[in-house]
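Visitor: final08.csv is reproduced in full below (CSV, C-alpha atoms).
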chain,number,residue,atom,x,y,z
W,147,MET,CA,-40.9,-9.2,47.5
W,148,VAL,CA,-38.6,-12.2,47.3
W,149,CYS,CA,-36.2,-12.8,50.2
W,150,PHE,CA,-33.0,-14.7,49.6
W,151,PRO,CA,-31.1,-16.6,52.3
W,152,SER,CA,-28.0,-15.1,53.9
W,153,ILE,CA,-24.7,-17.0,53.9
W,154,SER,CA,-25.4,-18.2,57.4
W,155,ASP,CA,-28.7,-19.6,56.4
W,156,LEU,CA,-27.1,-21.4,53.5
W,157,PHE,CA,-24.4,-23.0,55.6
W,158,ASP,CA,-26.9,-23.8,58.4
W,159,SER,CA,-28.9,-25.7,55.7
W,160,CYS,CA,-25.7,-27.5,54.6
W,161,LEU,CA,-24.9,-28.4,58.1
W,162,LEU,CA,-28.4,-29.8,58.8
W,163,ILE,CA,-28.3,-32.0,55.7
W,164,THR,CA,-24.8,-33.2,56.6
W,165,LEU,CA,-25.9,-34.2,60.0
W,166,LEU,CA,-28.9,-36.1,58.6
W,167,LEU,CA,-26.7,-38.0,56.2
W,168,LEU,CA,-24.3,-39.0,59.0
W,169,ALA,CA,-27.3,-40.1,61.1
W,170,ALA,CA,-28.7,-42.1,58.2
W,171,GLY,CA,-25.3,-43.7,57.7
W,172,ARG,CA,-25.0,-44.8,61.3
W,173,LEU,CA,-28.6,-46.2,61.3
W,174,SER,CA,-27.9,-48.3,58.2
W,175,ALA,CA,-24.4,-49.3,59.1
W,176,VAL,CA,-23.7,-53.0,58.8
W,177,GLU,CA,-20.7,-55.2,59.4
W,178,LEU,CA,-18.1,-54.7,56.7
W,179,PRO,CA,-17.1,-57.6,54.5
W,180,SER,CA,-13.6,-59.1,54.4
W,181,ASP,CA,-12.7,-57.0,51.4
W,182,SER,CA,-13.6,-53.7,53.1
W,183,SER,CA,-10.3,-52.1,52.4
W,184,ALA,CA,-10.8,-52.7,48.6
W,185,ILE,CA,-14.3,-51.2,48.9
W,186,ALA,CA,-13.1,-48.2,50.8
W,187,ALA,CA,-10.3,-47.7,48.2
W,188,GLU,CA,-12.9,-47.8,45.4
W,189,GLN,CA,-15.0,-45.2,47.2
W,190,LEU,CA,-12.0,-42.9,47.7
W,191,LYS,CA,-11.1,-43.2,44.0
W,192,GLN,CA,-14.5,-42.0,43.0
W,193,LEU,CA,-13.6,-38.5,44.2
W,194,ASN,CA,-11.5,-38.1,41.0
W,195,ASP,CA,-12.4,-41.1,38.9
W,196,GLN,CA,-15.5,-41.0,36.7
W,197,THR,CA,-14.9,-44.5,35.4
W,198,ILE,CA,-16.1,-46.0,38.8
W,199,ILE,CA,-19.9,-45.8,39.3
W,200,GLY,CA,-21.5,-46.3,42.7
W,201,THR,CA,-24.8,-45.0,43.9
W,202,ARG,CA,-24.2,-42.1,46.2
W,203,VAL,CA,-25.4,-38.7,47.5
W,204,LEU,CA,-23.1,-35.9,48.3
W,205,LEU,CA,-23.1,-32.5,49.9
W,206,ASP,CA,-20.4,-30.0,48.7
W,207,SER,CA,-19.6,-26.7,50.3
W,208,GLU,CA,-17.5,-24.5,48.0
W,209,TRP,CA,-15.9,-21.2,48.7
W,210,ASP,CA,-14.5,-19.0,45.9
W,211,GLN,CA,-12.3,-16.0,46.7
W,212,PHE,CA,-11.8,-13.4,44.0
W,213,LYS,CA,-9.7,-10.3,43.7
W,214,HIS,CA,-10.9,-6.9,45.0
W,215,GLY,CA,-13.0,-8.6,47.8
W,216,ALA,CA,-15.6,-10.5,45.8
W,217,GLN,CA,-16.7,-13.8,47.3
W,218,LYS,CA,-18.9,-16.7,46.3
W,219,ALA,CA,-20.2,-19.6,48.5
W,220,THR,CA,-22.0,-22.6,46.9
W,221,CYS,CA,-23.7,-25.4,48.8
W,222,THR,CA,-24.5,-28.2,46.3
W,223,LEU,CA,-26.7,-31.3,46.9
W,224,ALA,CA,-25.9,-33.9,44.3
W,225,GLY,CA,-26.8,-37.5,43.7
W,226,LEU,CA,-25.7,-40.3,41.4
W,227,TRP,CA,-27.7,-43.5,40.8
W,228,GLY,CA,-25.8,-46.3,39.1
W,229,TRP,CA,-26.7,-49.8,38.0
W,230,PRO,CA,-24.9,-52.7,36.2
W,231,VAL,CA,-25.6,-53.3,32.5
W,232,SER,CA,-23.3,-56.3,32.3
W,233,ASP,CA,-20.3,-57.8,34.1
W,234,TYR,CA,-18.1,-55.2,32.7
W,235,GLN,CA,-20.3,-52.1,32.1
W,236,ASP,CA,-22.3,-49.8,34.4
W,237,TRP,CA,-24.7,-46.9,33.7
W,238,ALA,CA,-25.6,-43.9,35.8
W,239,VAL,CA,-27.7,-40.7,36.0
W,240,ARG,CA,-26.8,-37.8,38.2
W,241,PHE,CA,-28.1,-34.4,39.3
W,242,LYS,CA,-26.7,-31.3,41.0
W,243,LEU,CA,-28.8,-28.7,42.9
W,244,PRO,CA,-26.8,-25.7,44.1
W,245,LEU,CA,-27.6,-22.9,46.5
W,246,VAL,CA,-25.4,-19.9,45.9
W,247,TYR,CA,-24.4,-16.8,48.0
W,248,HIS,CA,-22.5,-14.1,46.1
W,249,ARG,CA,-20.9,-10.9,47.5
W,250,SER,CA,-19.6,-8.6,44.8
W,251,ASP,CA,-16.4,-6.5,44.9
W,252,GLU,CA,-15.8,-3.1,46.5
W,253,LEU,CA,-16.7,-1.2,43.4
W,254,SER,CA,-20.3,-2.3,43.6
W,255,GLY,CA,-20.6,-1.7,47.3
W,256,HIS,CA,-20.4,-5.3,48.5
W,257,ALA,CA,-23.9,-6.1,47.3
W,258,ASP,CA,-25.1,-9.5,48.7
W,259,VAL,CA,-27.4,-11.9,46.9
W,260,GLY,CA,-28.3,-15.5,47.4
W,261,GLY,CA,-30.6,-18.1,46.0
W,262,LEU,CA,-30.8,-21.0,43.6
W,263,GLY,CA,-28.0,-21.6,41.1
W,264,ASP,CA,-27.9,-23.5,37.8
W,265,ILE,CA,-29.1,-27.0,38.1
W,266,GLU,CA,-27.2,-29.8,36.2
W,267,ILE,CA,-28.4,-33.2,35.1
W,268,GLY,CA,-26.5,-35.9,33.2
W,269,THR,CA,-26.1,-39.5,32.3
W,270,GLY,CA,-23.1,-41.7,31.5
W,271,THR,CA,-21.6,-45.1,31.4
W,272,ALA,CA,-18.3,-46.8,32.4
W,273,PHE,CA,-16.5,-50.0,31.2
W,274,ARG,CA,-14.0,-52.2,33.1
W,275,LEU,CA,-11.5,-53.1,30.3
W,276,ASN,CA,-9.4,-55.4,32.6
W,277,ASP,CA,-8.1,-55.5,36.2
W,278,MET,CA,-6.0,-52.3,35.6
W,279,TRP,CA,-7.8,-50.2,33.0
W,280,ARG,CA,-11.2,-48.5,32.9
W,281,THR,CA,-12.9,-46.0,30.7
W,282,GLY,CA,-16.2,-44.1,30.8
W,283,GLY,CA,-18.0,-40.9,29.8
W,284,GLY,CA,-21.3,-39.2,29.3
W,285,ILE,CA,-23.1,-36.0,28.7
W,286,GLU,CA,-24.4,-33.3,31.1
W,287,LEU,CA,-26.9,-30.5,30.7
W,288,HIS,CA,-26.2,-27.2,32.5
W,289,ALA,CA,-29.6,-25.5,32.8
W,290,ASP,CA,-30.2,-21.7,33.2
W,291,THR,CA,-32.2,-22.0,36.4
W,292,ALA,CA,-30.5,-19.4,38.7
W,293,SER,CA,-32.9,-17.1,40.6
W,294,LYS,CA,-30.6,-14.1,40.0
W,295,LEU,CA,-28.3,-13.1,37.2
W,296,ALA,CA,-25.2,-13.0,39.5
W,297,LEU,CA,-25.8,-16.6,40.7
W,298,GLY,CA,-25.6,-18.4,37.3
W,299,GLU,CA,-24.0,-18.4,33.9
W,300,ASN,CA,-27.2,-17.2,32.1
W,301,ALA,CA,-26.8,-20.0,29.4
W,302,TRP,CA,-28.0,-23.5,28.6
W,303,ARG,CA,-24.9,-25.6,28.0
W,304,LEU,CA,-24.2,-29.2,27.0
W,305,LYS,CA,-21.0,-30.9,28.3
W,306,PRO,CA,-20.0,-34.2,26.8
W,307,GLY,CA,-16.9,-35.9,28.2
W,308,TRP,CA,-14.9,-39.0,28.4
W,309,GLY,CA,-12.0,-40.4,30.5
W,310,ILE,CA,-9.7,-43.3,31.1
W,311,ALA,CA,-8.2,-44.6,34.3
W,312,HIS,CA,-5.2,-46.8,35.0
W,313,ASP,CA,-4.5,-48.5,38.4
W,314,VAL,CA,-0.7,-48.3,38.3
W,315,THR,CA,-0.6,-50.1,41.6
W,316,ASP,CA,-3.1,-51.0,44.3
W,317,TRP,CA,-2.5,-47.6,45.9
W,318,LEU,CA,-1.9,-45.3,42.8
W,319,THR,CA,-4.5,-44.5,40.1
W,320,LEU,CA,-4.0,-42.1,37.2
W,321,ASN,CA,-6.7,-40.5,35.1
W,322,PHE,CA,-7.0,-38.5,31.9
W,323,ASN,CA,-10.3,-36.7,31.3
W,324,VAL,CA,-11.6,-34.6,28.4
W,325,GLU,CA,-14.8,-32.4,28.6
W,326,TYR,CA,-16.2,-30.2,25.9
W,327,SER,CA,-18.7,-27.5,26.8
W,328,HIS,CA,-20.9,-25.7,24.3
W,329,SER,CA,-23.7,-23.3,25.1
W,330,ILE,CA,-26.9,-23.9,23.1
W,331,ALA,CA,-28.8,-20.9,24.3
W,332,GLU,CA,-27.7,-17.6,26.0
W,333,GLU,CA,-29.7,-15.1,28.0
W,334,ASP,CA,-29.3,-11.4,28.8
W,335,ASN,CA,-26.7,-10.8,26.0
W,336,VAL,CA,-24.3,-13.3,27.4
W,337,ALA,CA,-21.6,-14.3,24.9
W,338,PRO,CA,-21.6,-17.9,23.5
W,339,GLN,CA,-19.5,-20.4,25.5
W,340,ARG,CA,-17.3,-23.0,23.9
W,341,PHE,CA,-14.4,-24.5,25.7
W,342,LEU,CA,-12.4,-27.7,26.2
W,343,GLU,CA,-11.2,-28.9,29.6
W,344,LEU,CA,-8.3,-31.4,29.9
W,345,SER,CA,-7.5,-32.8,33.3
W,346,LEU,CA,-5.0,-35.2,34.8
W,347,PRO,CA,-6.1,-36.4,38.3
W,348,ALA,CA,-4.1,-38.8,40.5
W,349,THR,CA,-5.2,-40.6,43.6
W,350,VAL,CA,-2.9,-42.1,46.2
W,351,ILE,CA,-4.6,-44.6,48.7
W,352,LEU,CA,-3.1,-44.4,52.1
W,353,PRO,CA,-3.3,-46.8,55.1
W,354,ARG,CA,-6.4,-46.6,57.4
W,355,ASP,CA,-8.7,-45.6,54.5
W,356,TRP,CA,-7.1,-42.2,53.8
W,357,SER,CA,-6.2,-40.8,50.4
W,358,ILE,CA,-4.6,-37.8,48.9
W,359,GLY,CA,-5.4,-36.5,45.4
W,360,ALA,CA,-4.0,-34.0,43.0
W,361,LYS,CA,-5.2,-32.7,39.6
W,362,TYR,CA,-3.9,-30.5,36.9
W,363,LYS,CA,-6.5,-28.9,34.6
W,364,ALA,CA,-6.1,-26.9,31.4
W,365,THR,CA,-8.9,-25.1,29.7
W,366,ILE,CA,-9.0,-23.8,26.1
W,367,ASP,CA,-11.6,-21.0,25.5
W,368,PHE,CA,-12.5,-21.1,21.8
W,369,GLU,CA,-14.6,-18.0,22.1
W,370,ASN,CA,-11.8,-16.0,23.5
W,371,GLY,CA,-9.0,-16.4,21.0
W,372,ASP,CA,-8.3,-20.0,21.9
W,373,ARG,CA,-7.0,-18.8,25.3
W,374,TRP,CA,-5.4,-21.4,27.6
W,375,THR,CA,-5.8,-21.2,31.4
W,376,HIS,CA,-4.3,-23.6,33.9
W,377,SER,CA,-5.0,-24.6,37.5
W,378,VAL,CA,-3.9,-27.2,40.1
W,379,ASN,CA,-5.9,-28.9,42.8
W,380,ALA,CA,-4.9,-30.9,45.8
W,381,GLY,CA,-6.9,-32.6,48.5
W,382,ILE,CA,-7.2,-35.2,51.3
W,383,ALA,CA,-10.0,-37.6,52.0
W,384,LYS,CA,-11.0,-40.1,54.7
W,385,ARG,CA,-13.4,-43.0,54.5
W,386,LEU,CA,-15.1,-43.4,57.9
W,387,SER,CA,-15.0,-46.8,59.6
W,388,ASN,CA,-18.1,-49.0,59.7
W,389,ILE,CA,-20.3,-46.6,57.6
W,390,PRO,CA,-20.0,-45.8,53.8
W,391,VAL,CA,-19.2,-42.1,54.2
W,392,VAL,CA,-16.2,-40.3,52.7
W,393,LEU,CA,-15.1,-36.8,53.8
W,394,SER,CA,-12.8,-34.7,51.7
W,395,ALA,CA,-11.2,-31.3,51.6
W,396,THR,CA,-9.6,-29.8,48.5
W,397,LEU,CA,-7.9,-26.5,47.5
W,398,GLU,CA,-7.6,-25.3,43.9
W,399,LYS,CA,-5.3,-22.5,42.7
W,400,PRO,CA,-5.4,-20.9,39.2
W,401,LEU,CA,-1.9,-20.5,37.6
W,402,ASP,CA,-2.7,-17.6,35.2
W,403,GLY,CA,-3.4,-14.7,37.5
W,404,GLY,CA,-7.1,-14.4,36.6
W,405,PRO,CA,-9.9,-12.9,38.7
W,406,LYS,CA,-10.1,-16.0,41.1
W,407,GLN,CA,-7.6,-16.2,43.9
W,408,PHE,CA,-8.5,-19.7,45.1
W,409,GLN,CA,-11.3,-22.2,45.5
W,410,ALA,CA,-11.8,-24.4,48.6
W,411,ASN,CA,-14.2,-27.4,48.9
W,412,LEU,CA,-15.5,-29.5,51.8
W,413,THR,CA,-17.5,-32.6,50.7
W,414,ILE,CA,-19.3,-35.4,52.3
W,415,LEU,CA,-20.4,-38.4,50.3
W,416,TYR,CA,-22.7,-41.2,51.4
W,417,TYR,CA,-22.8,-44.5,49.5
W,418,PHE,CA,-26.1,-46.3,49.5
W,419,GLU,CA,-24.7,-49.7,48.5
W,420,ARG,CA,-21.5,-51.6,48.6
W,421,TYR,CA,-19.8,-51.5,45.3
W,422,HIS,CA,-17.8,-54.5,44.0
W,423,PRO,CA,-14.2,-53.6,43.4
W,424,SER,CA,-12.8,-54.1,39.9
W,425,LYS,CA,-10.0,-56.3,41.1
Spit out the file's structure as structure tokens when you get a sec.

Guide:
Amino acid sequence: MVCFPSISDLFDSCLLITLLLLAAGRLSAVELPSDSSAIAAEQLKQLNDQTIIGTRVLLDSEWDQFKHGAQKATCTLAGLWGWPVSDYQDWAVRFKLPLVYHRSDELSGHADVGGLGDIEIGTGTAFRLNDMWRTGGGIELHADTASKLALGENAWRLKPGWGIAHDVTDWLTLNFNVEYSHSIAEEDNVAPQRFLELSLPATVILPRDWSIGAKYKATIDFENGDRWTHSVNAGIAKRLSNIPVVLSATLEKPLDGGPKQFQANLTILYYFERYHPSK
């Protein structure tokens, strides 16, 4: 008999990993260089900007609240390893390892299930066009690795994407991203998936290494009559002093009255190296 972790076990694991990351950051902390504000701004931008590549590991705790009492909690450990290809181009590989807890709605008796979710791996590149413009993109594989049907999408899916970023000022960055998702294999009679996501993120850098972000996202579902759905996202982030750690909190709200009521995320990112700012 396979035993799955409870929601308390999942969040205890997330808390332990978070504390270990913070401890590692303090042990490896060094004196910040003179351009520390610019480095902190670059790290804060990376929350919404895929055109900036810096080696990092993150722990994300996500809470999804659905109608009729259904709930879903996901604790994701993710990493990105980046390296320079030239003075104006960087390359990266990344992975995501989720642990999921799902509680179904009242009609199914609040059945609880937890375990491994769908793993994702990807690669991409980014270019610095000049001091104000950047572009970048890549491709990601969403693997059908969930330990239970309720914890994954039951499909193998490829997701290519591309984006562009513009530093309007030293404190305001605007982005435009396009991602196309297409399932290449489905399990358990799951319908094919084919949709396009368009997003418009914005990041405002505040004094003392704080930032606020907002994002509008539109999704076109080609397998469901070209149906459009819309959502908005807002968050706040803080780059800690003396150590390369960024903490962020975001809240996302669908605008179409679908099954999801809201999504909340708490994220901690640890940067393993200083990244040279584009300016």

Visitor: Give me, please, the distance in Å between atom CA of Ala395 of chain W and atom CA of Leu415 of chain W, quoted to one decimal.

Guide: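 So the two atoms, atom CA of Ala395 of chain W and atom CA of Leu415 of chain W, lie 11.7 Å apart.
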
Visitor: Could you give me, as a PyMOL selection string, the residues within 10 Å of segment 289-302 of chain W, counting all atoms listed in the file and dropping anything in the same chain fewer than 4 positions from it?

Guide: chain W and resi 150+218+220+243-250+258-267+328-339

Visitor: Using only C-alpha atoms, can you list as a PDB file with C-alpha atoms, in the frame of the given file the residues within 10 Å of (-10.7, -20.1, 44.8)?

Guide:
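See result.pdb below for the written result:
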ATOM      1  CA  GLU W 208     -17.500 -24.500  48.000  1.00  0.00           C
ATOM      2  CA  TRP W 209     -15.900 -21.200  48.700  1.00  0.00           C
ATOM      3  CA  ASP W 210     -14.500 -19.000  45.900  1.00  0.00           C
ATOM      4  CA  GLN W 211     -12.300 -16.000  46.700  1.00  0.00           C
ATOM      5  CA  PHE W 212     -11.800 -13.400  44.000  1.00  0.00           C
ATOM      6  CA  LYS W 213      -9.700 -10.300  43.700  1.00  0.00           C
ATOM      7  CA  GLN W 217     -16.700 -13.800  47.300  1.00  0.00           C
ATOM      8  CA  LYS W 218     -18.900 -16.700  46.300  1.00  0.00           C
ATOM      9  CA  LEU W 397      -7.900 -26.500  47.500  1.00  0.00           C
ATOM     10  CA  GLU W 398      -7.600 -25.300  43.900  1.00  0.00           C
ATOM     11  CA  LYS W 399      -5.300 -22.500  42.700  1.00  0.00           C
ATOM     12  CA  PRO W 400      -5.400 -20.900  39.200  1.00  0.00           C
ATOM     13  CA  PRO W 405      -9.900 -12.900  38.700  1.00  0.00           C
ATOM     14  CA  LYS W 406     -10.100 -16.000  41.100  1.00  0.00           C
ATOM     15  CA  GLN W 407      -7.600 -16.200  43.900  1.00  0.00           C
ATOM     16  CA  PHE W 408      -8.500 -19.700  45.100  1.00  0.00           C
ATOM     17  CA  GLN W 409     -11.300 -22.200  45.500  1.00  0.00           C
ATOM     18  CA  ALA W 410     -11.800 -24.400  48.600  1.00  0.00           C
ATOM     19  CA  ASN W 411     -14.200 -27.400  48.900  1.00  0.00           C
TER      20      ASN W 411
END

Visitor: Which residue is closest to Asn194 of chain W? Choose from W:Thr319, W:Ser232, W:Thr269, W:Thr281 and count all atoms listed in the file.

Guide: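 For Asn194 of chain W, the nearest of the given residues is W:Thr319.
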
Visitor: In Å, with one decimal, what is the gap from atom CA of His376 of chain W to atom CA of Asp195 of chain W?

Guide: 19.9 Å

Visitor: Since the input lacks atoms, please generate N, CA, C and O atoms for segment 221-239 of chain W and provide them as a PDB file, in the frame of the given file.

Guide:
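Saved to part_38.pdb:
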ATOM      1  N   CYS W 221     -23.412 -24.172  48.107  1.00  0.00           N
ATOM      2  CA  CYS W 221     -23.700 -25.400  48.800  1.00  0.00           C
ATOM      3  C   CYS W 221     -24.523 -26.281  47.803  1.00  0.00           C
ATOM      4  O   CYS W 221     -25.632 -25.913  47.410  1.00  0.00           O
ATOM      5  N   THR W 222     -23.939 -27.406  47.379  1.00  0.00           N
ATOM      6  CA  THR W 222     -24.500 -28.200  46.300  1.00  0.00           C
ATOM      7  C   THR W 222     -24.920 -29.594  46.870  1.00  0.00           C
ATOM      8  O   THR W 222     -24.101 -30.300  47.467  1.00  0.00           O
ATOM      9  N   LEU W 223     -26.181 -29.949  46.650  1.00  0.00           N
ATOM     10  CA  LEU W 223     -26.700 -31.300  46.900  1.00  0.00           C
ATOM     11  C   LEU W 223     -26.696 -32.054  45.613  1.00  0.00           C
ATOM     12  O   LEU W 223     -27.332 -31.602  44.654  1.00  0.00           O
ATOM     13  N   ALA W 224     -25.997 -33.178  45.539  1.00  0.00           N
ATOM     14  CA  ALA W 224     -25.900 -33.900  44.300  1.00  0.00           C
ATOM     15  C   ALA W 224     -26.110 -35.404  44.563  1.00  0.00           C
ATOM     16  O   ALA W 224     -25.856 -35.903  45.671  1.00  0.00           O
ATOM     17  N   GLY W 225     -26.570 -36.102  43.556  1.00  0.00           N
ATOM     18  CA  GLY W 225     -26.800 -37.500  43.700  1.00  0.00           C
ATOM     19  C   GLY W 225     -26.441 -38.245  42.391  1.00  0.00           C
ATOM     20  O   GLY W 225     -26.534 -37.673  41.298  1.00  0.00           O
ATOM     21  N   LEU W 226     -26.020 -39.489  42.516  1.00  0.00           N
ATOM     22  CA  LEU W 226     -25.700 -40.300  41.400  1.00  0.00           C
ATOM     23  C   LEU W 226     -26.330 -41.710  41.630  1.00  0.00           C
ATOM     24  O   LEU W 226     -26.111 -42.299  42.686  1.00  0.00           O
ATOM     25  N   TRP W 227     -27.112 -42.200  40.681  1.00  0.00           N
ATOM     26  CA  TRP W 227     -27.700 -43.500  40.800  1.00  0.00           C
ATOM     27  C   TRP W 227     -27.125 -44.385  39.674  1.00  0.00           C
ATOM     28  O   TRP W 227     -27.264 -44.089  38.489  1.00  0.00           O
ATOM     29  N   GLY W 228     -26.431 -45.453  40.072  1.00  0.00           N
ATOM     30  CA  GLY W 228     -25.800 -46.300  39.100  1.00  0.00           C
ATOM     31  C   GLY W 228     -26.336 -47.743  39.176  1.00  0.00           C
ATOM     32  O   GLY W 228     -26.787 -48.194  40.229  1.00  0.00           O
ATOM     33  N   TRP W 229     -26.279 -48.438  38.054  1.00  0.00           N
ATOM     34  CA  TRP W 229     -26.700 -49.800  38.000  1.00  0.00           C
ATOM     35  C   TRP W 229     -25.903 -50.585  36.978  1.00  0.00           C
ATOM     36  O   TRP W 229     -25.434 -50.001  35.984  1.00  0.00           O
ATOM     37  N   PRO W 230     -25.701 -51.891  37.159  1.00  0.00           N
ATOM     38  CA  PRO W 230     -24.900 -52.700  36.200  1.00  0.00           C
ATOM     39  C   PRO W 230     -25.712 -52.983  34.941  1.00  0.00           C
ATOM     40  O   PRO W 230     -26.891 -53.316  34.990  1.00  0.00           O
ATOM     41  N   VAL W 231     -25.048 -52.881  33.805  1.00  0.00           N
ATOM     42  CA  VAL W 231     -25.600 -53.300  32.500  1.00  0.00           C
ATOM     43  C   VAL W 231     -25.144 -54.682  32.155  1.00  0.00           C
ATOM     44  O   VAL W 231     -25.878 -55.479  31.586  1.00  0.00           O
ATOM     45  N   SER W 232     -23.888 -54.979  32.501  1.00  0.00           N
ATOM     46  CA  SER W 232     -23.300 -56.300  32.300  1.00  0.00           C
ATOM     47  C   SER W 232     -22.195 -56.485  33.307  1.00  0.00           C
ATOM     48  O   SER W 232     -22.021 -55.656  34.208  1.00  0.00           O
ATOM     49  N   ASP W 233     -21.441 -57.560  33.155  1.00  0.00           N
ATOM     50  CA  ASP W 233     -20.300 -57.800  34.100  1.00  0.00           C
ATOM     51  C   ASP W 233     -19.235 -56.799  33.999  1.00  0.00           C
ATOM     52  O   ASP W 233     -18.443 -56.659  34.930  1.00  0.00           O
ATOM     53  N   TYR W 234     -19.156 -56.089  32.877  1.00  0.00           N
ATOM     54  CA  TYR W 234     -18.100 -55.200  32.700  1.00  0.00           C
ATOM     55  C   TYR W 234     -18.530 -53.708  32.430  1.00  0.00           C
ATOM     56  O   TYR W 234     -17.709 -52.824  32.217  1.00  0.00           O
ATOM     57  N   GLN W 235     -19.842 -53.466  32.435  1.00  0.00           N
ATOM     58  CA  GLN W 235     -20.300 -52.100  32.100  1.00  0.00           C
ATOM     59  C   GLN W 235     -21.383 -51.691  33.170  1.00  0.00           C
ATOM     60  O   GLN W 235     -22.201 -52.500  33.610  1.00  0.00           O
ATOM     61  N   ASP W 236     -21.316 -50.417  33.540  1.00  0.00           N
ATOM     62  CA  ASP W 236     -22.300 -49.800  34.400  1.00  0.00           C
ATOM     63  C   ASP W 236     -22.840 -48.535  33.785  1.00  0.00           C
ATOM     64  O   ASP W 236     -22.191 -47.923  32.939  1.00  0.00           O
ATOM     65  N   TRP W 237     -24.043 -48.149  34.209  1.00  0.00           N
ATOM     66  CA  TRP W 237     -24.700 -46.900  33.700  1.00  0.00           C
ATOM     67  C   TRP W 237     -25.117 -46.098  34.901  1.00  0.00           C
ATOM     68  O   TRP W 237     -25.317 -46.613  36.002  1.00  0.00           O
ATOM     69  N   ALA W 238     -25.285 -44.784  34.696  1.00  0.00           N
ATOM     70  CA  ALA W 238     -25.600 -43.900  35.800  1.00  0.00           C
ATOM     71  C   ALA W 238     -26.371 -42.671  35.317  1.00  0.00           C
ATOM     72  O   ALA W 238     -26.205 -42.244  34.170  1.00  0.00           O
ATOM     73  N   VAL W 239     -27.175 -42.088  36.190  1.00  0.00           N
ATOM     74  CA  VAL W 239     -27.700 -40.700  36.000  1.00  0.00           C
ATOM     75  C   VAL W 239     -27.369 -39.941  37.242  1.00  0.00           C
ATOM     76  O   VAL W 239     -27.208 -40.493  38.338  1.00  0.00           O
TER      77      VAL W 239
END
